[in-house]
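Structure, as structure tokens:
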Amino acid sequence: MRTITYREALREGLSEEIERDENVVLIGEEVAQYNGAYKVTEGMWEKYGDKRLMDAPISEAGFIGMGVGASMLGVRPVMELMFFSFSYVAWDQMVNNAATVRYMSGGKINCPIVVRGPANGGTGVGATHSHTPENMFANVPGLKVCVPATPYDAKGLMKTAIRDNDPVFFLENTLLYGEEGEVPEDEYTIPFGVADVKRSGEDLTIVSHGRCVIMALKAAEILEAEHDVKAEVVDLRSIRPLDEETVLDSVRKTNRVLLVEENKPFCGVGAQLSHMIQEKAFDYLDAPIKRISAIDAPAIYSPPLEKHQIPNVDRIIQGALSVG
Amino acid sequence: MRTITYREALREGLSEEIERDENVVLIGEEVAQYNGAYKVTEGMWEKYGDKRLMDAPISEAGFIGMGVGASMLGVRPVMELMFFSFSYVAWDQMVNNAATVRYMSGGKINCPIVVRGPANGGTGVGATHSHTPENMFANVPGLKVCVPATPYDAKGLMKTAIRDNDPVFFLENTLLYGEEGEVPEDEYTIPFGVADVKRSGEDLTIVSHGRCVIMALKAAEILEAEHDVKAEVVDLRSIRPLDEETVLDSVRKTNRVLLVEENKPFCGVGAQLSHMIQEKAFDYLDAPIKRISAIDAPAIYSPPLEKHQIPNVDRIIQGALSVG
Amino acid sequence: METTELKDKDGVVLSKFADAPVNKKLSKDEKIEIFRTMVRIRRFEERSLRAYQQGNVAGFLHLYIGQEAVAVGSMSVCDKKNDHFITAYRDHAHALQVGMSMNECMAELFGKATGCSKGKGGSMHYFAPDKNYWGGHGIVGGQTPLGAGLAFALKYKGVQGCALCYMGDGAVNQGAVHESFNLAALWEIPVIYIIENNGYSMGTSQKRSSAYTDCLAKRAEGYDMAWDRFFGHDVYEVRAKTMEAVQRAYDTSKPTLLEIDTYRYRGHSVADANAEKYRSKEEIEEYKKTKDPINLFEHQLISEGVLTDDEAKAIDKAAREEANDSAKFAEESPYPEISSIKEDVYWEEDNPDQKISQGRIFFNDEE
Amino acid sequence: METTELKDKDGVVLSKFADAPVNKKLSKDEKIEIFRTMVRIRRFEERSLRAYQQGNVAGFLHLYIGQEAVAVGSMSVCDKKNDHFITAYRDHAHALQVGMSMNECMAELFGKATGCSKGKGGSMHYFAPDKNYWGGHGIVGGQTPLGAGLAFALKYKGVQGCALCYMGDGAVNQGAVHESFNLAALWEIPVIYIIENNGYSMGTSQKRSSAYTDCLAKRAEGYDMAWDRFFGHDVYEVRAKTMEAVQRAYDTSKPTLLEIDTYRYRGHSVADANAEKYRSKEEIEEYKKTKDPINLFEHQLISEGVLTDDEAKAIDKAAREEANDSAKFAEESPYPEISSIKEDVYWEEDNPDQKISQGRIFFNDEE
Ligand SMILES: Cc1ncc(C[n+]2csc(CCOP(=O)(O)OP(=O)(O)O)c2C)c(N)n1
Ligand SMILES: Cc1ncc(C[n+]2csc(CCOP(=O)(O)OP(=O)(O)O)c2C)c(N)n1
Ligand SMILES: [Mg+2]
Ligand SMILES: [Mg+2]
């Protein structure tokens, strides 16, 4: 099968949906004439023009809120946040308006908006630009959240997100944009709430999402080669909805769990997984669930330290070996 | 000992600190001439004047950010959010600027700001006004978060918050403002990170914070009287820092845990507690940790349904009995 | 300006805008309908206030009493099919104006399943998308980007229409309002922002919350946006001035910022204990006496021979009865089922036949 | 306007503001110091660019090259003791102007422990509170409420001083900026907001991001705030016009909004691949040729007889050496210890002797 980058996979997904549905419009800072700060939308403005790709002023609350309003009337806006960290200036529009307008109207209003952009550290952009708010968004009923780790997942989930009639927050990763992976020519979609077992093993279950899945897979290889530990790696793909069964099936098989996330630990996604696993697979656990998260401080700039602050292969291996 | 209301206790704490330190200034919507939307600051403007109590325009990002800037130069602003739900329009100022300016400056800058206000449902104000973001704030390194349940705790923690040199988010509760409790005449403070065992018992540990503690105490009485279950009720008081030892001591004694919170469940504070408890007291747990949270939907308006949506005595009792 | 005033036999000032085309073209029935709507709004809200005092309504109740001509005047010049409306939490008048029934509105206040939002939204969160009414929003200023979005959608779909987006005088200092103004002007979005200036944001007077030159609407110049400012007690004047903005939106798709001076008789919300502290009793009484929009329009129509005293009384009586009946309807309606708490959260959950997602979407242990 | 231009022998336009009091009062050495600072800023940034290209700098590097007279001119009229400064992520020039050393600034870019923020902030997050410099902020517009806060603190403490808060032309459409303007004007806070208008926000021209009448600073009228707009290539002009705003702050504690037209030679950041796509090469070259602030001021001082050609060359040579030395210093400095990741998060953790809190504050399992 052909291989393309995560960036190209996203572009394909976006382009196919723009061509499929005239109501799909891409709006964001530098997405059109500049081709996107991270080139995800490269070439799309030339191809689809001013109506379908719009460069926005630096007014995230304004244009995302505008997208929420437009979506109520049937437009299907796909909003790019240059960094998902900038969601913090649009928080109310995203977490109040997008998440509650359906509910507060007694189900009379749909809000089919997608907000997408990179949410990750590891690139030396410092604390203000390295937030990973998937745990906060997933806390909010009314929102859907997904965090693809591979080009295949990125394209399939993006097409699903755009067709979904609820608000979907789609968290990408600047360190993955250039990563290649197999993506079929033929059209496909991936439903939310279906985790993917990206490596199977019997000794330990590693649950992760986003780029940490890639780290976990590398760690799993070393764990098997050097420590004779066969780790199963479960990629959640979507955080809300959450595929608990696939996680639990794996836990019932391996009886030992390591959670890996770039979230800061307090109330990170891993905390929710811990609660769920101990509640539903209590008798299957042979040891406490361990968790590898970003080291609990704002994102540090200094490149070598930042590499240590976010989960990396070494820390994951140590974590795996620490699971009693 | 004399009894005063939670509202009066807060007012005493605020007034004593205003009198103690000339740098303490209270700013917020309607806090001065109007006496506060919930009358927490009643009479203070007459007493302390325009300099110490300032009515702000409806610009939460603006005035809270202004407070962050002023705090860097040694002012000690206490910012009232009429509802903590309005933090969503000031999110970036609170979660980026207040939380990271110390770190990004290599420790050169302090940010001694307090942001306070009610964060609760149960009053029929609907989804947009009923948020309980303590889990989100506690996720952010650099911030401190406390949620007092009684007049005594409210006053003691408020004085600590104002004297603290880090940003403290102080979440109150409109349903508690009128509640009375014993508060000594003499000055006292309560350090962060010290949980309070508000009822002791041997059969079950109930961990909670804020108004849910009051519900849990009522439930504990009924559990003992009608179900012969002796529940210990641990009030966290501060979420970050967190007193894990007091929680773990109780768990090691009772071996069974119920978590009660008004947070929505996904990545709520209880999720973090579950992860911590199973990690550190794995062998002491006789049954899965159970959790009672707000029912996982935006806050509903309809009064009888809202009373059911947030944790109440009945749901807590059911939850307690469900702990295997 | 006050010199050329026309007065009727009772000394009540008559409108200078009766001959404005948008008013001249009104039929007798249409004029009576406008009057009836204002009366129905007032009686509905008076009844809702009693319901609140009787303990049937929770949370906040923000009354529009005194401001009726603003919503009714501005919305009544619009096209029922292609113009859209959105406002903040003081949203009852706009709801009745678009044709929502008193029953569904009152039942919503009571938190009943028969409410316009099935009891899920309450007073601040009325919606009727089928009547182009998009709420009903509790976060000050939060509705302004949505208003731009409604108008953006019209332009995107090539529909000639506009969106009227209301806000208060205190709301103008929210960041989202500024971002919306710039977007609307920059992208030529046919949205009309209307500041319902009742002089106060809760207990804070305009002067204590906003820095401005002359008036708030003048801020529009900073965005090269058209603006106007006028009084809101004469429904004819509101219609005439609003129509210019609506026509601008139709013809050029450009936005306008309108500031309409009005007054609320009651407190900020019913819970506002200080309603007469930050305003003098005289200030309130003076407005009621000389500028009550319903009283003014009643005299206007009578002097025009469009309405008789008896007809006016009959309309008022009918409105009171309708309001009382709506309270009875609300009272007798059932509360929503507990199970409904988790309905209307996700479209996909509410439409299981078309559901694609798998996995868990609600996370309570009790499930 | 261009008619009355004075030119020197090389045909370089001389300043019309040499006789403005704030410039007239400058000693020879002070003038040379201003020149030296601009040269040092340029050489520092050119060297940092090479460091970036050599892979020693991560993340973003936003260069101020071409804009030097804006920061140096406006800040140099201020009082070192009681005036304060804050800007966005394009923050190197302001740092050197307040007296931060090239070493600590370069080391910060390299992420070294000897950096001004111990390697924790990076290019966008320089701070020197001891020199009244409060950063260095990455979120567009996010620093504007902080700027108001600095000035608020001065007024609260009864200190006569002001805060200069810088932002870009694209930043003006952030909600926080609007809220800050209203607060500053309403509460008469002595903050001076300075729009460093280089015509573009990344690849978006001012016209594509803002709706405005005449210029961006005119938006100040909506808040009844004083404003001015002028060119940023003549450091004397920047000083003269800024001094009026500073004096206003001192005398009346009122805010001012200044818009200073300038130009960046490089891309938005070094990563900006399109720097010459959205702007023509000619546009860039033309500015360099006729408006380069350093070249202009060099000719100005030479024609004033304050500086000789050789002295200018010597200053430049010294600046290059200082920049190279700073790179060497940065190169040779150690990275922070892993343990430092959790330092500087909480004041209380960094001051254990004064710690009151108990319990756990960091939550990694590995602890
Ligand atoms: C972001 C936000 N801040 C504060 C509030 C609380 N609040 C509700 S209404 C109001 C006053 C608004 O006054 P104005 O905009 O003049 O509208 P009016 O009530 O006069 O119609 C305030 C402060 C809120 N709902 N949202
Ligand atoms: C809230 C927010 N949105 C977007 C960005 C990404 N971003 C960084 S700089 C920039 C352009 C700013 O342009 P301008 O304000 O003109 O300043 P300049 O870079 O020209 O100095 C953008 C969009 C950001 N840092 N913060
Ligand atoms: Mg008002
Ligand atoms: Mg710019």
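Residue numbers start at 1 in each chain; chains themselves are named A, B, ... in the order of the structure tokens; ligands are numbered from 1 in the order shown.
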
Could the residues of chain B that have an atom at most 12 Å from ligand 2 be listed as a Markdown table, each with its closest atom pair and the distance in Å to one decimal, counting only C-alpha atoms and all ligand atoms and ordered by chain and ascending residue number?
```
| residue | atom | partner | partner_atom_place_in_ligand_line | distance |
| --- | --- | --- | --- | --- |
| B:Trp91 | CA | ligand 2 | 1 (C) | 11.7 |
| B:Asp92 | CA | ligand 2 | 1 (C) | 8.8 |
| B:Gln93 | CA | ligand 2 | 1 (C) | 11.1 |
| B:Asn96 | CA | ligand 2 | 1 (C) | 11.1 |
```

Based on the selection just made, write all heavy atoms of those residues as a PDB file, in the first residue's frame.
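This went into result27.pdb:
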```pdb
ATOM      1  N   TRP B  91     -10.014  32.277  30.629  1.00  0.00           N
ATOM      2  CA  TRP B  91      -9.235  31.052  30.762  1.00  0.00           C
ATOM      3  C   TRP B  91      -7.743  31.253  30.495  1.00  0.00           C
ATOM      4  O   TRP B  91      -6.895  30.825  31.267  1.00  0.00           O
ATOM      5  CB  TRP B  91      -9.807  29.993  29.816  1.00  0.00           C
ATOM      6  CG  TRP B  91      -9.480  28.590  30.212  1.00  0.00           C
ATOM      7  CD1 TRP B  91      -8.625  27.733  29.580  1.00  0.00           C
ATOM      8  CD2 TRP B  91     -10.025  27.859  31.323  1.00  0.00           C
ATOM      9  NE1 TRP B  91      -8.586  26.523  30.238  1.00  0.00           N
ATOM     10  CE2 TRP B  91      -9.442  26.580  31.312  1.00  0.00           C
ATOM     11  CE3 TRP B  91     -10.934  28.178  32.338  1.00  0.00           C
ATOM     12  CZ2 TRP B  91      -9.744  25.608  32.266  1.00  0.00           C
ATOM     13  CZ3 TRP B  91     -11.243  27.217  33.283  1.00  0.00           C
ATOM     14  CH2 TRP B  91     -10.649  25.955  33.238  1.00  0.00           C
ATOM     15  N   ASP B  92      -7.431  31.916  29.409  1.00  0.00           N
ATOM     16  CA  ASP B  92      -6.022  32.089  29.051  1.00  0.00           C
ATOM     17  C   ASP B  92      -5.272  32.890  30.110  1.00  0.00           C
ATOM     18  O   ASP B  92      -4.151  32.548  30.483  1.00  0.00           O
ATOM     19  CB  ASP B  92      -5.914  32.774  27.690  1.00  0.00           C
ATOM     20  CG  ASP B  92      -4.464  33.007  27.282  1.00  0.00           C
ATOM     21  OD1 ASP B  92      -3.738  32.016  27.106  1.00  0.00           O
ATOM     22  OD2 ASP B  92      -4.064  34.172  27.186  1.00  0.00           O
ATOM     23  N   GLN B  93      -5.909  33.931  30.612  1.00  0.00           N
ATOM     24  CA  GLN B  93      -5.238  34.748  31.626  1.00  0.00           C
ATOM     25  C   GLN B  93      -4.983  33.942  32.900  1.00  0.00           C
ATOM     26  O   GLN B  93      -3.964  34.127  33.563  1.00  0.00           O
ATOM     27  CB  GLN B  93      -6.089  35.990  31.948  1.00  0.00           C
ATOM     28  CG  GLN B  93      -6.199  36.985  30.790  1.00  0.00           C
ATOM     29  CD  GLN B  93      -4.863  37.555  30.370  1.00  0.00           C
ATOM     30  OE1 GLN B  93      -3.995  37.817  31.197  1.00  0.00           O
ATOM     31  NE2 GLN B  93      -4.673  37.708  29.072  1.00  0.00           N
ATOM     32  N   ASN B  96      -2.849  30.279  31.574  1.00  0.00           N
ATOM     33  CA  ASN B  96      -1.552  30.541  30.958  1.00  0.00           C
ATOM     34  C   ASN B  96      -0.767  31.579  31.759  1.00  0.00           C
ATOM     35  O   ASN B  96       0.265  31.266  32.334  1.00  0.00           O
ATOM     36  CB  ASN B  96      -1.708  31.032  29.517  1.00  0.00           C
ATOM     37  CG  ASN B  96      -1.294  29.966  28.505  1.00  0.00           C
ATOM     38  OD1 ASN B  96      -0.493  29.083  28.794  1.00  0.00           O
ATOM     39  ND2 ASN B  96      -1.853  30.052  27.321  1.00  0.00           N
TER      40      ASN B  96
END
```

Neighbouring residues of ligand 1 are defined here as those with any atom at most 9 Å from a ligand atom, counting only C-alpha atoms and all ligand atoms; list them as a VMD selection string. (chain A and resid 92) or (chain B and resid 29 to 30 37 57 to 60 81 to 83 85 to 90 128 to 129) or (chain C and resid 62 to 64 88 to 90 137 to 142 167 to 174 195 to 206 263 to 264 268 to 269)

Identify every residue of chain D that has at least one atom within 8 Å of any atom of chain C, counting only C-alpha atoms, and report the result as a ChimeraX atom specification. /D:173-179,182-183,185-186,208-213,216,218-224

Give me, as a ChimeraX atom specification, the contact residues of chain C against chain A at a cut-off of 7 Å, counting only C-alpha atoms. /C:117-118,120-121,125-127,129,142,145-150,152-153,176,179-180,344-347,356-361

Could you please write out, as a list of chain:residue names, every residue of stretch 41-79 of chain B that DSSP assigns to strand (DSSP E or B)? B:Leu53, B:Met54, B:Asp55, B:Arg76, B:Pro77, B:Val78, B:Met79

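Using only C-alpha atoms, the shortest contact distance between chain B and any of A:Gly117, A:Gly122, A:Gly43, A:Pro265 is found at A:Pro265.
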
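Minimum distance to chain B across A:Tyr6, A:Phe137, A:Tyr152, A:Phe170 (counting only C-alpha atoms) occurs at A:Phe137.
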